[in-house]
Structure formats: C-alpha cells, structure tokens
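In what follows, a structure is listed as structure tokens, so that the remarks can point back to it.
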Amino acid sequence: MFNTRGKTMMLLLLAFALVLSACGGGSKSSQHSSNSGGSSSGQTSSGGEGGGSNETVEISFMHWRTEDKEVFDQLIADFEAKNPNIKVTQTIFPSSDYTSIAQQRLLDGSTGDVFTVFPGSQFEAMLRAGLMEDLTGKPVVDRFVPNLITKGAKDGRQYALPYHLVYNMPLINVDIFEKLNLQRPRTWSQYLDVLETLKQNGYIPIAFPGADIGQGQLMNPMLMNENTDEEMFPKLLTGETKLTDEWFVNSLRKWQQLSQYFQPNSLGTGYEAAVTLFVTEQAAMLGTGSFHAALALSQNPDMRLDLLPPITVEDESQIVYEGVHNTTFMLAINTKSKKKEAAEKFLEFLAEKETAEYYANNTGQLGVVQGLEYSSKSLQFETDFTQLNTRFLPRSTIPDKQIEDAITNAISAVISGMAPEDAAAEAQQVVEQVRRQ
Amino acid sequence: MKPSKGIYLFVLPALILYGIFVLYPAFYGLYVSFTNWDGLSAGYEFVGFRNYRNLLMYDTIFAKSVVNNLKFMLFVVIGQTTLSLVFALFLVRNTKANIALRTLYFLPTILASVSVAFIWAAMYDSNFGMIKAILGLFGVQNGPGWLADPDIAIYSVAFAQVWAHTGQLMIIFIAGLQAIPADLFEVAAIEGASKFQTFRLVTWPLIAPAAAIVIAYTTLQSFKAFDLVFAMTRGGPNNATEIIATFIYRLAFQSYKFGYASAASMLFLVFVAAITIIQFKLLRTDRTG
C-alpha cells in the first residue's frame, strides 16, 4: 500500500505519537517525584520565596467556604499589609464539589499552597498521596487546642490543623420550646413526646434537608449512644462489625419513628428550603448543626437558638454522650507548593488569636485556636456544650466513601418506607463489595 | 491518476491530536481499569480482572445505575420523540404564529443543563415549588414527592431532560416534514385517505430517516445526562436516580477509586456501543422493510 518513503513517514509518525504518549504517561510519576524547580501554571510567582527577596510571591489559599469569602478578603488584606511581598489569592470550590476538584488541583502544585481538607476519608486520601506537609514540631501547632486537632494527625505526626469546631446536632428555636413549655428530653420516649407536642401544635417538629446533608448530619447524634465504640465504622472493613448488627438496625428503627416528624417529602428538601422552614418558624428544629446558626440568624435575627441532640437511650443512666462535635476545615500546606515559606507565614497568621477571633465572630463558626472569645450571637447557644461530654463525629471515622454513602442511603431508604432490616442488609452488601475491592 | 501518498501528511495534524486527546486517554483508561490506582498516589497494584468481576458480579449499585439509565433512556426517547413529532406536525407551516411558537419551544435548548436542573429542582420543591402551589389551588396539599419518592424521581429528572430538548428535535422533524412533496398529500386526499392514514402511509415513511436521527441522538444524549442528574439529585434518594455516569464520577472523584471507576467506564462504553448497534439495526430494518 505504501512505498518505502511512505512507510518511513508512517514510522516517524508512529514514533512521534509514542513519544508524546510517553510524555503523557510519565506525567503522573513525575508529579510525584519532583516538587521543585520550574514554575507552576495558574497562580504564578513573579519572584522567589518571599522572605529574602523584594519581589512579590503569590500564593493560593484553596478552600470550600464560599460564604466566608469577604471575611477572608479582609484577613488577607491585613496579612498583605504585614507581609507586603506576599500576595494571597483565594481559590474557592463549593463543599459539594471540593472533594472531587481539590485532589487534581493540588497534585501539580499550581493551586492550594495553603488548602483545607475534610477530616476522615479525604484526609486519609490526601495523606496517602503525600499532599500534606508534616507540621509536627512547628510553633503554629501549639496555638491550637491539643485535643481538638487529633483528626489532622496520623501516627503521631500533625499534617493538618482544624479551624472549625462544629456541633452536628439539630438547632432549636428556644422561643417555641418555651412557649409550649417543653423541657429538654433525656430519653428517646421523652424526645418523641416533645416532637409529638410540636406536631400537635401545628409546627413541623424537624425541618430535615434529606436531599443533601440531612442524613450525614443527624446520623451522628442518632448513633452516638447506640454504639459507643469509636472504631465501630473502621471495624466494618475487617468484618468485626456489620451494618446488620443490632446497633445499626436499632438506629434505623428510630429513624423510622423520627421521619414521621419531618416535613412531607423530606428526601426532596435541600438545606436552603429547610433553613427557610426554620427561620420562618414553621419548623421548631433544623436537622443540621451549629454551622447553620449564622445563616439562620442572618434571616431572623430575633431568634434564640440552642442545640438539641436526640437522646436515643431509654434510660437516662445509659447516656454516655450528650452531643457530637466535629473539627473540620483543616488547614494544610501543599507538599507540591513551590512557595512553602510564604504558605507557612499565612498559616501562622490564620492561627493568631486575633485573626481566628475575627474569623469566628464574623462567620459564625466556633474555632479551634486557643483562648478565643466569642462576641457573635450565632456562637452563643443557651447550652454550653464545651462543658458536656460530646463525641467526635462518628461519620468522620467511616473509612470509605462508598460505605458512607451506603449508610446514608440506608437512612433514606427507611425514610421512604423500607423496613430497617432490609435497608441494613442492602447497606451491608455494599460493605461486602468494598471489602472485595 | 492515483493521488500521491504524500496526501496522507495532510491528515497528520488531526491524527496526532486525535491520538493525544482521544486514543491515548482511552487506552490509558483501559490500562488503569486493571489496577487499584486511587487517582492520587504514585503507586498502585495490577489487579487483573478483579474490578470487572466485582462490578459485574457483586456491585448492586452499578446494577441499579444500569437499570436507572435504561429507565431514563426509555422515558426520554419515547417522550422526546413523540412530543417533538407532535409539535412539528402542528407547527410545520411557516405562519407567523407557528414561527413564534417554534422559537418559544426551542428556547429551553439554549439553557445550560445545570440551569435546567436548578429550574426544575425549584419547580419540584416539595415545600415552596411552583408545582406544589398549582396543586394546592386544586386542593392537593401533599402532592407527590417528585424528587423525594424513589419510585418516581428518575422519571421526574427525565421529564426535565424532555422539556429541555424537545424543541431542538422538533426542528429536525419540521425540516423533514417540509421536505415531503405537497403533491403526495394531494394524491392521498384525492384517494380519500383519512388524516391518520395520510400520516401512516405518507408522512411517517418519509420522515423515518429524520426519526432515526432523532432517536439515535436522544439515546446518546440520555447517556450523557450527567450534569442534569447530578445537579438535580446527585443520584439520590437512595441511588434512585443514580445513572452510570454519576456512579463513575462518584467512584473516581469522591471515593478515590480510579481503577474501579475506569473499569466501570469501560463497561459503560460496551453498554452504549451495544445499545447503539441494536438501535442502528432496528432502525435500518424499519427503513427498508
């Protein structure tokens, strides 16, 4: 078909294509082997590493808090005033997409010199990929409350520093509770009585955002006393626990009872609609967490808020935990960053008490930096949960995202009418699949 | 005179680009499907056919996503083809009113899928949605959970897809209808054919090629409906609207299982190819028979 010249031409073409393919194939390994030299795409530095040079270094701060952009803008302006040779750019992806986008952006070091990471499976994945600088022994670590930064550590090394302290349990409208003379329930029966009273008085007892975050939030206080073993979820991978065990099936049975007190078609309700039901006082409780207090108060400043976890035990003496907390929005430095010195300076600035206090009071997020004083109403709840025995968010200990989805899907299945035993069996099937992978 | 072999050099740039941006990623995806790569780490293991075996034999969510995709495709293909044909039949003549209506029906096509998703998610909202408000006027207080009920959620999403693309396919049908010679309809009228007979014996056979294009396009479109489904329901509730594309996305970018997700992508490719071949054969039979 081809003469000799044609064949030579085709061979050259093939060789060219193969060379290009090899370049493409090698990119992954080269990303992992090289973290110095060259310039990154995207936010580029016009000079050296800050510090010694007068040239400006531009670093990227990647996070998921779209709603905090203005507060960070102000803080960044303060930081840049103190460090005129460092410029900080915010790169924000919504939390729902952050997990999927962050990893690729971080790998080439062009974005996210300082970045935030979720505790649990994302932290573990980032750690496996070697994306987080080891912060152990650095002075910045000492500025945080030691027992609240454990989720950013692994094998005694500190890789990330949580910036938010969150209580993942329903917000309540204190005025409605007082109007109906409702006391804080201490058992599951009392809790159901409270919900029934609210319903009888024309309120939606719990506004539940079942289309997005509801299951992942409310499952935590629902489980906190059902199984007090901190390793209950990690043990799913070894087969030591199963989702068909009584603790999980029993929790699903309680979800079945609870779902009667949600607004109709709760699985189709997003968090925005749930917040609206709550702030318009159609609903007495909001099934999310303390992180929505600022949003609720921005829409209804006169509300008095508190947190009320469901206590699922039948006898008060069985209560082990009185709430759940999470430490999240964990700050880390990208190992692929070519501007680590500037990144570290920015991290140190965020960890200063004044900075963290300004951030907390203006965003309505409780902080993890030591000695913070809160002036914002959205951070002052009727109950002081720092004085109570709260448990670290069970969901954050789930070792695999597919298993996490199976658990929240089992809850959705029960809300939509499936028998708890069947929903648990379906979820356990997914666990078995994951174990085979 | 035979063309010089040198002429093949002219396709070289396109071939190279195709190789880099299509063939290489495809074959690299095939390679990754035999590994347990997490998409982040430098290292991974070769796992042979384990990913494929697990997907085909044990993965209940994958099976569910295939079934959901078929439901979605059938609803969209039937609904979109039928509605676009009906609209085309009514709006085939070039009157001012018809042109205005065609423009109106075509408008949703220019919207991004994510915008369509937000519009319909708001319409379906069980608490503040327009559909709830309209049903309320007729005394229905608690209507169906359009996106909340696992039995109907996939059809609710599919309806949004039909709404968005019917106008676009209507244009293809109108072009096909306007190409039919008018004298054929005159002959049918002289022979005393009813409207239905005229449609069955004259119109349909002559617009069958347009219908084949519409059906093939709609089928592929329904497999690529990732953005609409993901923005509306993220595959929920309880995987009721999980389609293969959202399943793959979740595995790769949320669970960090690129090897497993690549295997699912390869099966997806085979699945779409099989459907396309079957459809192609059926439509060819229709045209010739």
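Identifiers in the structure tokens: chain A, B, ... in order shown; residue index from 1 per chain; ligand index from 1 in order shown.
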
Using only C-alpha atoms, determine which residues lie at most 10 Å from region 84-90 of chain B, disregarding the query and same-chain residues fewer than 5 positions distant; provide the list as a ChimeraX atom specification. /B:79,98,101-102,105,162,165-178,199,203,207,211,214

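Here is the contact set of chain B against chain A, at 7 Å and counting only C-alpha atoms: Lys5, Ile16, Ile20, Tyr24, Leu40, Ser41, Ala42, Tyr58, Asp59, Asp125, Ser126, Gly145, Leu147, Ala148, Asp149, Pro237, Asn238, Phe253, Gln254 and Ser255 of chain B.
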
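Selecting strand (DSSP E or B) from the backbone DSSP output for region 156-234 of chain A yields Arg157, Gln158, Leu161, Pro162, Tyr163, His164, Leu165, Val166, Tyr167, Leu171, Ile172, Asn173, Ile204, Pro205, Ile206 and Ala207 of chain A.
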
For a quick check of understanding, using only C-alpha atoms, which of B:Lys2, B:Lys224, B:Arg250, B:Lys281 has the smallest distance to Phe268 (chain B)? B:Lys224

Determine the nearest neighbour of Gly236 (chain B) from the options A:Gln190, A:Ile172, A:Asn389, A:Ile213, counting only C-alpha atoms. A:Ile213

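Note that the spacing between CA of Leu165 (chain A) and CA of Gly367 (chain A) amounts to 5.3 Å.
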
DSSP on the backbone, then: every residue of region 102-293 of chain A marked alpha helix (DSSP H), written as a PyMOL selection string. chain A and resi 102-107+121-128+174-179+188-200+214-223+234-238+246-258+271-279+293

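Note that CA of Lys336 (chain A) and CA of Val88 (chain A) are 16.9 Å apart.
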
List the neighbours of Leu220 (chain B) out to 10 Å using only C-alpha atoms; skip same-chain residues closer than 5 positions along the sequence, and give me the result as a VMD selection string. chain B and resid 73 77 215 225 272 to 273 275 to 276
